[in-house]
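Dumped structure-v5.txt below, it's compact mmCIF, C-alpha atoms and all ligand atoms:
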```
# COMPACT_ATOMS: atom_id res chain seq x y z
CA MET K 6 105.06 107.03 98.39
CA LYS K 7 107.24 105.60 101.14
CA LEU K 8 107.20 102.06 102.55
CA ASP K 9 108.41 101.30 106.07
CA ILE K 10 108.68 97.65 107.12
CA SER K 11 111.01 98.22 110.07
CA LYS K 12 108.21 97.66 112.64
CA ALA K 13 107.43 94.24 111.19
CA LEU K 14 110.97 92.89 111.05
CA LYS K 15 111.17 91.84 114.71
CA PHE K 16 108.23 89.47 114.14
CA VAL K 17 109.93 87.47 111.37
CA ASP K 18 112.93 85.22 111.05
CA LYS K 19 115.56 87.58 109.61
CA GLN K 20 117.27 84.90 107.54
CA GLN K 21 113.97 83.73 106.15
CA PHE K 22 113.05 87.33 105.27
CA GLU K 23 116.35 87.80 103.43
CA LYS K 24 115.68 84.60 101.51
CA PHE K 25 112.19 85.77 100.57
CA LYS K 26 113.69 89.09 99.45
CA GLU K 27 116.17 87.38 97.14
CA GLU K 28 113.42 85.14 95.80
CA ALA K 29 111.14 88.18 95.37
CA LYS K 30 113.75 89.82 93.13
CA VAL K 31 113.80 86.68 91.00
CA GLN K 32 109.98 86.66 90.80
CA ASN K 33 109.96 90.35 89.88
CA THR K 34 112.19 89.49 86.94
CA ALA K 35 109.81 86.63 86.08
CA LEU K 36 106.98 89.18 85.84
CA HIS K 37 109.02 91.32 83.44
CA GLN K 38 110.24 88.39 81.40
CA LYS K 39 106.85 86.70 81.41
CA THR K 40 108.28 83.39 82.58
CA GLY K 41 105.97 82.74 85.57
CA LYS K 42 102.44 81.38 85.97
CA GLY K 43 99.65 83.27 84.18
CA SER K 44 102.17 85.02 81.92
CA GLU K 45 99.43 85.66 79.35
CA PHE K 46 97.96 88.26 81.77
CA LEU K 47 100.95 90.53 82.29
CA GLY K 48 99.90 93.43 80.08
CA TRP K 49 99.62 95.64 83.18
CA VAL K 50 103.37 95.39 84.02
CA ASN K 51 104.53 97.93 81.42
CA LEU K 52 101.14 99.56 80.94
CA PRO K 53 101.92 102.99 82.48
CA SER K 54 104.63 103.71 79.89
CA GLU K 55 102.75 102.00 77.06
CA LEU K 56 99.52 103.99 77.34
CA SER K 57 99.39 106.02 74.14
CA ASP K 58 98.76 109.74 74.02
CA GLU K 59 96.04 108.96 71.47
CA LEU K 60 94.14 106.74 73.92
CA LEU K 61 94.46 109.21 76.80
CA THR K 62 93.23 112.03 74.54
CA ASP K 63 90.30 109.91 73.39
CA ILE K 64 89.37 109.21 77.02
CA GLU K 65 89.69 112.90 77.95
CA ASN K 66 87.65 114.05 74.96
CA THR K 67 84.94 111.49 75.66
CA ALA K 68 84.83 112.66 79.29
CA LYS K 69 84.59 116.33 78.18
CA LYS K 70 81.57 115.54 76.00
CA ILE K 71 79.95 113.82 78.97
CA HIS K 72 80.74 116.80 81.22
CA ASN K 73 78.64 118.94 78.93
CA SER K 74 75.76 116.56 78.44
CA VAL K 75 74.75 114.69 81.61
CA GLU K 76 74.27 115.32 85.31
CA VAL K 77 74.85 111.70 86.29
CA MET K 78 77.00 108.97 84.77
CA VAL K 79 76.09 105.48 85.89
CA VAL K 80 79.11 103.19 85.67
CA ILE K 81 77.97 99.57 85.46
CA GLY K 82 80.46 96.84 86.40
CA ILE K 83 81.60 94.48 89.14
CA GLY K 84 84.91 93.33 90.68
CA GLY K 85 87.84 94.63 88.68
CA SER K 86 85.45 96.41 86.33
CA TYR K 87 84.28 98.62 89.20
CA LEU K 88 86.48 98.76 92.29
CA GLY K 89 89.49 100.60 90.85
CA SER K 90 87.61 103.63 89.58
CA LYS K 91 85.31 103.65 92.62
CA ALA K 92 88.37 103.62 94.92
CA ILE K 93 90.21 106.42 93.13
CA ILE K 94 87.15 108.64 92.72
CA GLU K 95 86.31 108.26 96.43
CA ALA K 96 89.90 108.99 97.46
CA LEU K 97 90.04 112.19 95.41
CA SER K 98 86.51 113.50 95.98
CA GLY K 99 85.19 115.67 98.75
CA SER K 100 83.52 113.63 101.49
CA PHE K 101 80.10 115.15 100.78
CA GLU K 102 80.43 115.45 97.01
CA ASN K 103 77.29 113.36 96.42
CA LEU K 104 75.15 115.92 98.22
CA ARG K 105 76.32 118.92 96.18
CA ILE K 106 73.62 120.45 94.03
CA GLU K 107 75.90 122.75 91.99
CA ARG K 108 78.47 120.52 90.35
CA LYS K 109 81.26 121.13 87.86
CA TYR K 110 81.41 117.48 86.79
CA PRO K 111 78.75 114.77 86.55
CA LEU K 112 78.09 112.66 89.60
CA VAL K 113 79.49 109.18 89.00
CA ILE K 114 77.27 106.47 90.48
CA PHE K 115 78.02 102.76 90.30
CA ALA K 116 75.59 99.95 89.48
CA GLY K 117 75.78 96.28 88.57
CA GLN K 118 78.06 95.55 91.53
CA ASN K 119 75.21 93.79 93.37
CA ILE K 120 71.83 92.20 92.61
CA SER K 121 69.87 94.18 95.19
CA ALA K 122 66.34 95.08 94.06
CA ASP K 123 66.31 98.03 96.48
CA TYR K 124 69.57 99.44 95.11
CA LEU K 125 68.47 99.27 91.48
CA HIS K 126 64.98 100.59 92.11
CA GLU K 127 66.23 103.50 94.21
CA LEU K 128 68.74 104.32 91.47
CA GLN K 129 65.95 104.29 88.87
CA VAL K 130 63.97 106.74 91.01
CA LEU K 131 66.98 109.06 91.30
CA LEU K 132 67.80 108.90 87.58
CA TYR K 133 64.22 109.71 86.62
CA LYS K 134 64.82 113.31 87.73
CA HIS K 135 68.22 113.81 86.06
CA SER K 136 69.92 113.72 82.69
CA TYR K 137 72.20 110.71 82.61
CA GLY K 138 74.29 108.29 80.61
CA LEU K 139 75.56 104.75 81.06
CA THR K 140 79.11 103.42 80.94
CA VAL K 141 78.90 99.66 80.91
CA ILE K 142 82.13 97.78 81.69
CA SER K 143 82.62 94.04 81.38
CA LYS K 144 85.67 92.33 79.96
CA SER K 145 83.84 89.06 79.37
CA GLY K 146 80.67 90.89 78.42
CA THR K 147 78.64 88.15 80.08
CA THR K 148 78.87 88.74 83.85
CA THR K 149 75.38 88.38 85.36
CA GLU K 150 75.33 91.32 87.80
CA PRO K 151 76.30 94.12 85.37
CA ALA K 152 74.35 92.51 82.52
CA LEU K 153 71.17 92.58 84.63
CA ALA K 154 71.65 96.21 85.68
CA PHE K 155 72.46 97.24 82.11
CA ARG K 156 69.37 95.50 80.75
CA VAL K 157 67.14 97.43 83.19
CA LEU K 158 68.87 100.84 82.91
CA LYS K 159 69.25 100.67 79.12
CA LYS K 160 65.49 100.15 78.81
CA ASP K 161 64.83 103.17 81.04
CA LEU K 162 67.29 105.26 79.02
CA GLU K 163 65.60 104.27 75.76
CA ILE K 164 62.21 105.22 77.19
CA LYS K 165 63.58 108.60 78.29
CA TYR K 166 65.61 109.56 75.21
CA GLY K 167 64.38 107.18 72.47
CA ARG K 168 66.59 104.41 71.08
CA LYS K 169 68.64 106.83 68.97
CA GLY K 170 69.15 109.28 71.84
CA ALA K 171 70.05 106.47 74.22
CA ARG K 172 72.74 105.14 71.86
CA LYS K 173 74.59 108.46 72.15
CA ARG K 174 74.53 108.21 75.93
CA ILE K 175 75.94 104.72 76.25
CA ILE K 176 79.63 103.84 76.32
CA ALA K 177 80.78 100.20 76.38
CA ILE K 178 84.18 99.09 77.67
CA THR K 179 84.74 95.46 76.82
CA ASP K 180 86.79 92.92 74.88
CA ALA K 181 88.02 94.13 71.49
CA LYS K 182 86.44 91.24 69.60
CA LYS K 183 84.26 88.87 71.57
CA GLY K 184 81.39 88.73 74.08
CA ALA K 185 77.72 89.68 74.20
CA LEU K 186 78.47 93.31 75.09
CA LYS K 187 80.83 93.74 72.15
CA LYS K 188 78.17 92.33 69.84
CA LEU K 189 75.52 94.69 71.18
CA ALA K 190 77.87 97.69 71.04
CA ASN K 191 78.61 96.93 67.39
CA THR K 192 74.92 96.54 66.51
CA GLU K 193 73.87 99.72 68.33
CA GLY K 194 76.94 101.76 67.41
CA TYR K 195 77.91 102.68 70.98
CA LYS K 196 81.16 104.50 71.64
CA THR K 197 83.51 101.74 72.81
CA PHE K 198 86.88 101.31 74.48
CA ASP K 199 88.74 98.00 74.38
CA ILE K 200 90.14 95.99 77.29
CA ALA K 201 93.36 94.28 76.23
CA ASP K 202 93.36 90.48 76.30
CA ASP K 203 96.46 90.39 78.49
CA ILE K 204 95.06 92.49 81.37
CA GLY K 205 92.73 90.84 83.91
CA GLY K 206 89.93 92.75 85.65
CA ARG K 207 91.62 93.50 88.96
CA PHE K 208 94.75 94.78 87.20
CA SER K 209 92.77 96.97 84.78
CA VAL K 210 92.39 100.26 86.67
CA LEU K 211 94.95 102.02 84.45
CA THR K 212 93.07 100.98 81.27
CA PRO K 213 89.88 102.74 80.08
CA VAL K 214 88.06 100.56 82.67
CA GLY K 215 89.33 102.86 85.40
CA LEU K 216 90.55 105.89 83.49
CA LEU K 217 87.26 106.83 81.79
CA PRO K 218 85.10 106.96 84.96
CA ILE K 219 87.93 108.81 86.75
CA ALA K 220 88.14 111.38 83.92
CA ILE K 221 84.34 111.74 83.89
CA ALA K 222 84.49 112.51 87.62
CA GLY K 223 86.85 115.39 86.74
CA PHE K 224 90.23 114.01 87.79
CA ASP K 225 93.55 114.22 86.01
CA ILE K 226 94.27 110.81 84.49
CA ARG K 227 97.65 111.90 83.11
CA GLU K 228 98.84 112.66 86.64
CA LEU K 229 97.55 109.27 87.79
CA VAL K 230 99.47 107.56 84.99
CA ARG K 231 102.55 109.69 85.74
CA GLY K 232 102.55 108.42 89.32
CA ALA K 233 102.10 104.82 88.18
CA LYS K 234 104.94 105.26 85.69
CA LYS K 235 107.22 106.52 88.46
CA MET K 236 106.49 103.45 90.59
CA ALA K 237 106.84 101.15 87.57
CA LEU K 238 110.36 102.50 87.06
CA GLU K 239 111.18 102.26 90.77
CA THR K 240 110.05 98.63 90.96
CA GLU K 241 111.65 97.41 87.75
CA THR K 242 114.63 95.72 89.40
CA GLY K 243 116.57 95.34 92.63
CA ASN K 244 115.59 95.74 96.22
CA ASN K 245 112.54 97.91 95.52
CA PRO K 246 109.43 98.63 97.68
CA ALA K 247 107.28 95.98 95.92
CA VAL K 248 109.98 93.35 96.49
CA LYS K 249 110.28 94.33 100.17
CA TYR K 250 106.52 94.34 100.76
CA ALA K 251 106.04 90.97 99.04
CA ALA K 252 108.93 89.52 101.04
CA ILE K 253 107.79 90.78 104.44
CA ARG K 254 104.21 89.57 103.82
CA ASN K 255 105.48 86.08 103.05
CA ALA K 256 107.93 86.11 105.96
CA LEU K 257 105.04 87.08 108.26
CA LEU K 258 102.87 84.32 106.80
CA ALA K 259 105.66 81.86 107.52
CA LYS K 260 105.29 82.90 111.19
CA ASN K 261 101.52 82.26 111.01
CA PHE K 262 100.45 85.86 110.54
CA ASP K 263 97.85 84.95 107.95
CA ILE K 264 95.50 87.96 108.12
CA GLU K 265 96.55 91.34 106.77
CA ILE K 266 94.52 94.34 107.86
CA LEU K 267 94.78 97.40 105.63
CA ALA K 268 94.16 100.38 107.89
CA ASN K 269 93.62 104.05 107.11
CA TYR K 270 93.12 107.22 109.12
CA ASN K 271 91.15 109.01 106.40
CA PRO K 272 87.75 107.63 105.38
CA LYS K 273 88.42 108.69 101.78
CA LEU K 274 90.62 105.58 101.58
CA HIS K 275 87.81 103.16 102.45
CA TYR K 276 87.39 101.98 98.86
CA ILE K 277 91.14 101.80 98.24
CA ALA K 278 90.96 99.03 100.85
CA GLU K 279 88.05 97.39 99.02
CA TRP K 280 90.10 97.45 95.81
CA PHE K 281 93.14 96.10 97.69
CA LYS K 282 91.08 93.25 99.17
CA GLN K 283 89.89 92.19 95.74
CA LEU K 284 93.39 92.44 94.28
CA TYR K 285 95.02 90.32 96.96
CA GLY K 286 92.06 88.06 97.81
CA GLU K 287 91.37 87.02 94.25
CA SER K 288 95.04 86.80 93.32
CA GLU K 289 96.39 84.86 96.30
CA GLY K 290 93.51 82.94 97.84
CA LYS K 291 93.71 79.62 96.02
CA GLY K 292 94.95 76.08 96.45
CA GLY K 293 94.46 76.35 100.22
CA LYS K 294 96.99 79.22 100.34
CA GLY K 295 97.02 82.98 100.81
CA ILE K 296 96.94 85.80 103.34
CA PHE K 297 93.36 86.84 104.13
CA PRO K 298 93.03 90.55 103.30
CA ALA K 299 90.85 92.59 105.66
CA SER K 300 90.44 96.32 106.27
CA VAL K 301 89.53 98.91 108.88
CA ASP K 302 88.87 102.65 108.91
CA PHE K 303 90.55 104.21 111.92
CA THR K 304 89.90 105.78 114.29
CA SER K 305 86.22 104.71 113.75
CA ASP K 306 87.03 101.01 113.88
CA LEU K 307 89.24 101.35 116.94
CA HIS K 308 85.88 101.50 118.68
CA SER K 309 84.76 98.23 117.11
CA MET K 310 87.63 96.08 115.82
CA GLY K 311 90.24 97.77 118.02
CA GLN K 312 89.64 95.35 120.90
CA TYR K 313 90.19 92.27 118.70
CA ILE K 314 93.26 93.71 117.05
CA GLN K 315 94.80 94.55 120.43
CA GLU K 316 93.99 91.30 122.25
CA GLY K 317 92.40 88.72 119.97
CA ARG K 318 94.11 85.81 118.17
CA ARG K 319 97.69 86.73 117.34
CA ASN K 320 97.63 85.98 113.62
CA LEU K 321 97.10 89.55 112.37
CA PHE K 322 99.43 92.09 110.87
CA GLU K 323 98.58 95.66 109.91
CA THR K 324 99.47 97.68 106.84
CA VAL K 325 98.68 101.32 107.52
CA ILE K 326 98.24 103.89 104.76
CA SER K 327 98.99 107.30 106.19
CA ILE K 328 98.49 110.64 104.45
CA ASN K 329 101.18 113.09 105.43
CA LYS K 330 99.34 116.32 104.60
CA PRO K 331 95.55 116.34 104.51
CA ASP K 332 93.93 118.82 102.09
CA ASN K 333 92.35 120.67 104.99
CA LYS K 334 93.83 121.78 108.26
CA PHE K 335 92.22 123.67 111.08
CA LYS K 336 92.96 124.76 114.58
CA LEU K 337 90.80 123.48 117.40
CA PRO K 338 88.92 126.22 119.26
CA THR K 339 89.21 127.05 122.92
CA ASP K 340 86.15 126.83 125.18
CA GLU K 341 85.73 128.90 128.29
CA ALA K 342 83.82 126.31 130.31
CA ASN K 343 86.06 123.44 129.13
CA LEU K 344 83.50 120.90 130.33
CA ASP K 345 84.81 118.34 127.84
CA GLY K 346 88.35 118.89 129.17
CA LEU K 347 89.71 119.42 125.67
CA ASN K 348 91.31 122.83 126.16
CA TYR K 349 94.74 121.16 126.22
CA LEU K 350 94.20 120.72 122.47
CA ALA K 351 93.02 124.28 121.80
CA GLY K 352 95.06 126.01 119.11
CA ARG K 353 96.46 122.70 117.85
CA ASP K 354 95.62 121.22 114.49
CA LEU K 355 93.04 118.43 114.24
CA ASP K 356 95.46 116.47 112.06
CA GLU K 357 97.97 116.52 114.92
CA VAL K 358 95.38 114.67 117.00
CA ASN K 359 94.81 112.18 114.17
CA LYS K 360 98.55 111.61 113.70
CA ASN K 361 99.03 111.01 117.41
CA ALA K 362 96.12 108.58 117.42
CA GLU K 363 97.93 106.80 114.60
CA LEU K 364 101.26 106.72 116.43
CA GLY K 365 99.64 105.67 119.69
CA THR K 366 97.74 102.88 117.95
CA MET K 367 100.83 101.64 116.15
CA LEU K 368 102.80 101.45 119.40
CA ALA K 369 99.93 99.75 121.25
CA HIS K 370 99.32 97.22 118.48
CA ILE K 371 103.02 96.35 118.15
CA GLU K 372 103.15 95.93 121.92
CA GLY K 373 100.10 93.67 121.62
CA GLY K 374 101.88 91.48 119.06
CA VAL K 375 100.64 92.96 115.78
CA PRO K 376 103.42 93.59 113.22
CA ASN K 377 103.12 96.96 111.50
CA ILE K 378 103.88 97.94 107.92
CA ARG K 379 103.48 101.60 107.03
CA ILE K 380 102.85 103.21 103.66
CA GLU K 381 103.07 106.97 103.59
CA LEU K 382 101.60 109.20 100.91
CA ASP K 383 102.54 112.85 101.00
CA THR K 384 99.09 114.04 99.86
CA LEU K 385 95.96 112.46 98.45
CA CYS K 386 96.48 113.42 94.83
CA GLU K 387 96.31 111.64 91.48
CA ALA K 388 100.07 111.10 91.14
CA GLU K 389 100.53 109.57 94.61
CA ILE K 390 97.50 107.33 94.14
CA GLY K 391 98.96 106.23 90.80
CA GLU K 392 102.15 105.22 92.64
CA LEU K 393 100.19 103.36 95.31
CA ILE K 394 98.05 101.47 92.79
CA TYR K 395 101.01 100.28 90.77
CA PHE K 396 102.96 99.40 93.93
CA PHE K 397 100.15 97.14 95.17
CA GLU K 398 99.74 95.52 91.74
CA LYS K 399 103.45 94.79 91.38
CA ALA K 400 103.81 93.50 94.93
CA CYS K 401 100.72 91.32 94.43
CA GLY K 402 102.24 89.63 91.38
CA ILE K 403 105.52 89.00 93.22
CA SER K 404 103.82 87.89 96.43
CA GLY K 405 101.56 85.45 94.55
CA TYR K 406 104.60 83.91 92.88
CA LEU K 407 106.35 83.60 96.27
CA LEU K 408 103.29 81.73 97.53
CA GLY K 409 103.46 79.45 94.52
CA VAL K 410 100.07 80.34 93.04
CA ASN K 411 98.99 81.82 89.73
CA PRO K 412 97.99 85.34 90.81
CA PHE K 413 96.22 86.07 87.55
CA ASP K 414 93.36 83.57 87.50
CA GLN K 415 90.27 83.18 89.69
CA PRO K 416 88.92 79.63 89.23
CA GLY K 417 87.10 79.72 92.59
CA VAL K 418 84.75 82.51 91.47
CA GLU K 419 82.92 80.04 89.21
CA ALA K 420 81.52 77.90 92.06
CA TYR K 421 78.83 80.36 93.20
CA LYS K 422 77.92 81.17 89.60
CA LYS K 423 77.32 77.50 88.76
CA ASN K 424 75.08 77.07 91.78
CA MET K 425 73.18 80.30 91.13
CA PHE K 426 72.58 79.35 87.48
CA ALA K 427 71.42 75.86 88.47
CA LEU K 428 69.07 77.23 91.14
CA LEU K 429 67.62 79.72 88.65
CA GLU K 430 67.23 76.90 86.10
CA LYS K 431 69.38 78.55 83.44
CA PRO K 432 69.33 76.49 80.22
CA GLY K 433 72.32 74.16 80.25
CA PHE K 434 72.21 73.65 84.03
CA GLU K 435 69.15 71.34 84.11
CA GLY K 436 69.14 68.58 86.68
CA GLU K 437 71.55 70.36 89.03
CA ARG K 438 68.88 72.25 90.96
CA ASP K 439 67.36 69.25 92.76
CA LYS K 440 70.80 67.98 93.74
CA LEU K 441 71.65 71.37 95.25
CA LEU K 442 68.35 71.70 97.10
CA LYS K 443 68.83 68.25 98.66
CA LYS K 444 72.14 69.49 100.07
O1 LIG K 501 89.53 90.49 88.51
C1 LIG K 501 88.72 89.91 87.84
O2 LIG K 501 89.03 89.33 86.78
C2 LIG K 501 87.25 89.88 88.21
O3 LIG K 501 87.05 90.48 89.44
C3 LIG K 501 86.43 90.58 87.16
O4 LIG K 501 86.86 91.90 87.03
C4 LIG K 501 84.93 90.58 87.51
O5 LIG K 501 84.49 89.27 87.71
C5 LIG K 501 84.12 91.21 86.38
O6 LIG K 501 84.32 90.55 85.17
P1 LIG K 501 83.89 91.19 83.80
O7 LIG K 501 84.65 92.44 83.57
O8 LIG K 501 84.21 90.15 82.77
O9 LIG K 501 82.41 91.47 83.87
```
Show me this structure written as structure tokens.
Ligand code: PA5
Amino acid sequence: MKLDISKALKFVDKQQFEKFKEEAKVQNTALHQKTGKGSEFLGWVNLPSELSDELLTDIENTAKKIHNSVEVMVVIGIGGSYLGSKAIIEALSGSFENLRIERKYPLVIFAGQNISADYLHELQVLLYKHSYGLTVISKSGTTTEPALAFRVLKKDLEIKYGRKGARKRIIAITDAKKGALKKLANTEGYKTFDIADDIGGRFSVLTPVGLLPIAIAGFDIRELVRGAKKMALETETGNNPAVKYAAIRNALLAKNFDIEILANYNPKLHYIAEWFKQLYGESEGKGGKGIFPASVDFTSDLHSMGQYIQEGRRNLFETVISINKPDNKFKLPTDEANLDGLNYLAGRDLDEVNKNAELGTMLAHIEGGVPNIRIELDTLCEAEIGELIYFFEKACGISGYLLGVNPFDQPGVEAYKKNMFALLEKPGFEGERDKLLKK
């Protein structure tokens, strides 16, 4: 993975950037020495080198058993208990994988990430025709969305396979000791994996939370961890990519660039952006502070958001993830009639067109006043994604500290829950409903 911030530097105050960089190095050390805010949630910092061979083997063996026993694995979770594995599976899978009838590995489908009646019902209808299992993931074990989906799908599974049969098809990933899910898993004897106390949801993709679904989908988790380990080493000290990225983001914010758009030129990266938005949004957006994380899929969104980015309010900066070598290359054909006027591209590779669209867009956006940060991956493979994931996590911790917030809590998430519980008249929230309805 390579980071290039040179096209953002002219938009910041150089001295201020250098100051942020020095401060970022200090904050990186604070992450390693656990001296900053939220230091009880820093288990992810050394995780890549601390993951035991025993745990990885257990995850791989569990995945192998699933490969041989189900057609579909439903992974139930929300936020950090969902987005990391969803992002990595999407990035590594074929674009039309879901439509394949002959499959080597089970189809991984996600549930419990919304409360849509249509989504759950349509999933039930699909599962009716297939053999399936459930992997339920919740650190707290009490989050409403996944708990609701699990309640419904567990019942269906028990009807299909009997309670005993269902137990063998359910895996729970949750707290080692506490929570409703842990209690249920103990009672029913589900296969379980623990989430360490010192790793919060959005930093948990390299724990069983992310690794098990990724292994079930048939991908190489050791390669993913190897990539993360490489980046962990690279960002341990000094003027490293995470330090630079955190510093340039904060220097841009100081110049009122308060919206960061993560852009890609390969739709397989769509969910990497969703994961990124959760990571940065939930970590930095508090106390009236933070850079608002947004995302676009180019070139599709050049035909929707492109106009705003080029000429709208000048408070945006772009971070582009570019894949050097796509898995597939092909030459564009020639056409005798040439009615579309595209013969000038005949014989050239489609990726050359994509790369020139990227370069042209970068130049136009910079010209239009949009600072550009570029992250280059050589290929879309497990190891490079592992590097990218750890890079974003490390930079997020540093950047949050530079902003002066605790990047590892999410107090604001409780507000909607309190209102929802009161409106639904959950015991313990009596009396609040009328007050809310008057509002
Ligand atoms: O990053 C976080 O901590 C959150 O996004 C959580 O992952 C999310 O709320 C789900 O929580 P839980 O795993 O406890 O169900």
Exercise for review: Give the answer as one residue: which of K:Asp58, K:Glu398, K:Asp263, K:Asp161 has the shortest atom-to-atom distance to Thr240 in chain K, using only C-alpha atoms?
Suggested key: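 Residue with the minimum atom-to-atom distance to Thr240 in chain K: K:Glu398.
Relative to CA of Gly84 in chain K, CA of Ile226 in chain K is found at 20.8 Å.
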Practice item. Could you tell me, counting all atoms listed in the file, which protein and nucleic acid residues lie no more than 6 Å from ligand LIG 501 (chain K), written as a ChimeraX atom specification? Key: /K:83-86,143-146,148,205-207
Could you write out the selected residues, including C-alpha atoms, as a PDB file, in the frame of the given file?
```
ATOM      1  CA  ILE K  83      81.600  94.480  89.140  1.00  0.00           C
ATOM      2  CA  GLY K  84      84.910  93.330  90.680  1.00  0.00           C
ATOM      3  CA  GLY K  85      87.840  94.630  88.680  1.00  0.00           C
ATOM      4  CA  SER K  86      85.450  96.410  86.330  1.00  0.00           C
ATOM      5  CA  SER K 143      82.620  94.040  81.380  1.00  0.00           C
ATOM      6  CA  LYS K 144      85.670  92.330  79.960  1.00  0.00           C
ATOM      7  CA  SER K 145      83.840  89.060  79.370  1.00  0.00           C
ATOM      8  CA  GLY K 146      80.670  90.890  78.420  1.00  0.00           C
ATOM      9  CA  THR K 148      78.870  88.740  83.850  1.00  0.00           C
ATOM     10  CA  GLY K 205      92.730  90.840  83.910  1.00  0.00           C
ATOM     11  CA  GLY K 206      89.930  92.750  85.650  1.00  0.00           C
ATOM     12  CA  ARG K 207      91.620  93.500  88.960  1.00  0.00           C
TER      13      ARG K 207
END
```
Practice item. Go ahead and find all residues with at least one atom no further than 12 Å from (93.4, 97.1, 95.8) in the file's coordinates, using all atoms listed in the file; report them as a ChimeraX atom specification. Key: /K:84-85,87-93,206-210,267,274-288,298-300,390-391,393-401
Write out as a PDB file with C-alpha atoms, keeping the file's coordinate frame which residues come within 9 Å of Ser404 in chain K when counting all atoms listed in the file, dropping same-chain ones fewer than 3 positions away.
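Saved to out.pdb:
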```
ATOM      1  CA  ALA K  29     111.140  88.180  95.370  1.00  0.00           C
ATOM      2  CA  GLN K  32     109.980  86.660  90.800  1.00  0.00           C
ATOM      3  CA  ALA K 247     107.280  95.980  95.920  1.00  0.00           C
ATOM      4  CA  VAL K 248     109.980  93.350  96.490  1.00  0.00           C
ATOM      5  CA  TYR K 250     106.520  94.340 100.760  1.00  0.00           C
ATOM      6  CA  ALA K 251     106.040  90.970  99.040  1.00  0.00           C
ATOM      7  CA  ALA K 252     108.930  89.520 101.040  1.00  0.00           C
ATOM      8  CA  ARG K 254     104.210  89.570 103.820  1.00  0.00           C
ATOM      9  CA  ASN K 255     105.480  86.080 103.050  1.00  0.00           C
ATOM     10  CA  GLU K 289      96.390  84.860  96.300  1.00  0.00           C
ATOM     11  CA  LYS K 399     103.450  94.790  91.380  1.00  0.00           C
ATOM     12  CA  ALA K 400     103.810  93.500  94.930  1.00  0.00           C
ATOM     13  CA  CYS K 401     100.720  91.320  94.430  1.00  0.00           C
ATOM     14  CA  LEU K 407     106.350  83.600  96.270  1.00  0.00           C
ATOM     15  CA  LEU K 408     103.290  81.730  97.530  1.00  0.00           C
ATOM     16  CA  GLY K 409     103.460  79.450  94.520  1.00  0.00           C
ATOM     17  CA  PRO K 412      97.990  85.340  90.810  1.00  0.00           C
TER      18      PRO K 412
END
```
Review point. What is the distance, in Å and to one decimal place, between CA of Gly215 in chain K and CA of Ile120 in chain K?
Key: 21.7 Å
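One distance worth recording is that between CA of Ala222 in chain K and CA of Leu238 in chain K, which is 27.7 Å.
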Point to revise | Long-range neighbours of Glu45 in chain K as a list of chain:residue names, 9 Å cut-off, all atoms listed in the file, 4 positions minimum in chain | key: K:Lys39, K:Asp202, K:Asp203, K:Ile204, K:Phe413
Exercise for review: Please return, as a list of chain:residue names, all polymer residues that have at least one atom within 6 Å of the point (88.5, 100.9, 74.4); use all atoms listed in the file and the file's own coordinate frame.
Suggested key: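 I get K:Ile178, K:Thr197, K:Phe198, K:Asp199, K:Ile200 for the residues within 6 Å of that point.
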Neighbouring residues of Tyr270 in chain K were defined as those with any atom within 7 Å, considering all atoms listed in the file; residues of the same chain fewer than 6 positions away were excluded. Please report them as a tab-separated table (two decimals) with C-alpha atoms, in the frame of the given file.
```
chain	number	residue	atom	x	y	z
K	302	ASP	CA	88.87	102.65	108.91
K	303	PHE	CA	90.55	104.21	111.92
K	304	THR	CA	89.90	105.78	114.29
K	327	SER	CA	98.99	107.30	106.19
```
Long-range neighbours of range 131-134 of chain K as a tab-separated table (two decimals) with C-alpha atoms, in the coordinates of the input, 10 Å cut-off, all atoms listed in the file, 3 positions minimum in chain:
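File produced: selection.tsv:
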```tsv
chain	number	residue	atom	x	y	z
K	76	GLU	CA	74.27	115.32	85.31
K	77	VAL	CA	74.85	111.70	86.29
K	78	MET	CA	77.00	108.97	84.77
K	79	VAL	CA	76.09	105.48	85.89
K	125	LEU	CA	68.47	99.27	91.48
K	126	HIS	CA	64.98	100.59	92.11
K	127	GLU	CA	66.23	103.50	94.21
K	128	LEU	CA	68.74	104.32	91.47
K	137	TYR	CA	72.20	110.71	82.61
K	138	GLY	CA	74.29	108.29	80.61
K	158	LEU	CA	68.87	100.84	82.91
K	161	ASP	CA	64.83	103.17	81.04
K	162	LEU	CA	67.29	105.26	79.02
K	165	LYS	CA	63.58	108.60	78.29
```
Tell me which protein, DNA and RNA residues are within 9 Å of Pro338 in chain K, counting all atoms listed in the file, leaving out same-chain ones fewer than 6 positions away, and put them as a tab-separated table (two decimals) with C-alpha atoms, in the coordinates of the input.
```tsv
chain	number	residue	atom	x	y	z
K	348	ASN	CA	91.31	122.83	126.16
K	350	LEU	CA	94.20	120.72	122.47
K	351	ALA	CA	93.02	124.28	121.80
K	352	GLY	CA	95.06	126.01	119.11
K	353	ARG	CA	96.46	122.70	117.85
```
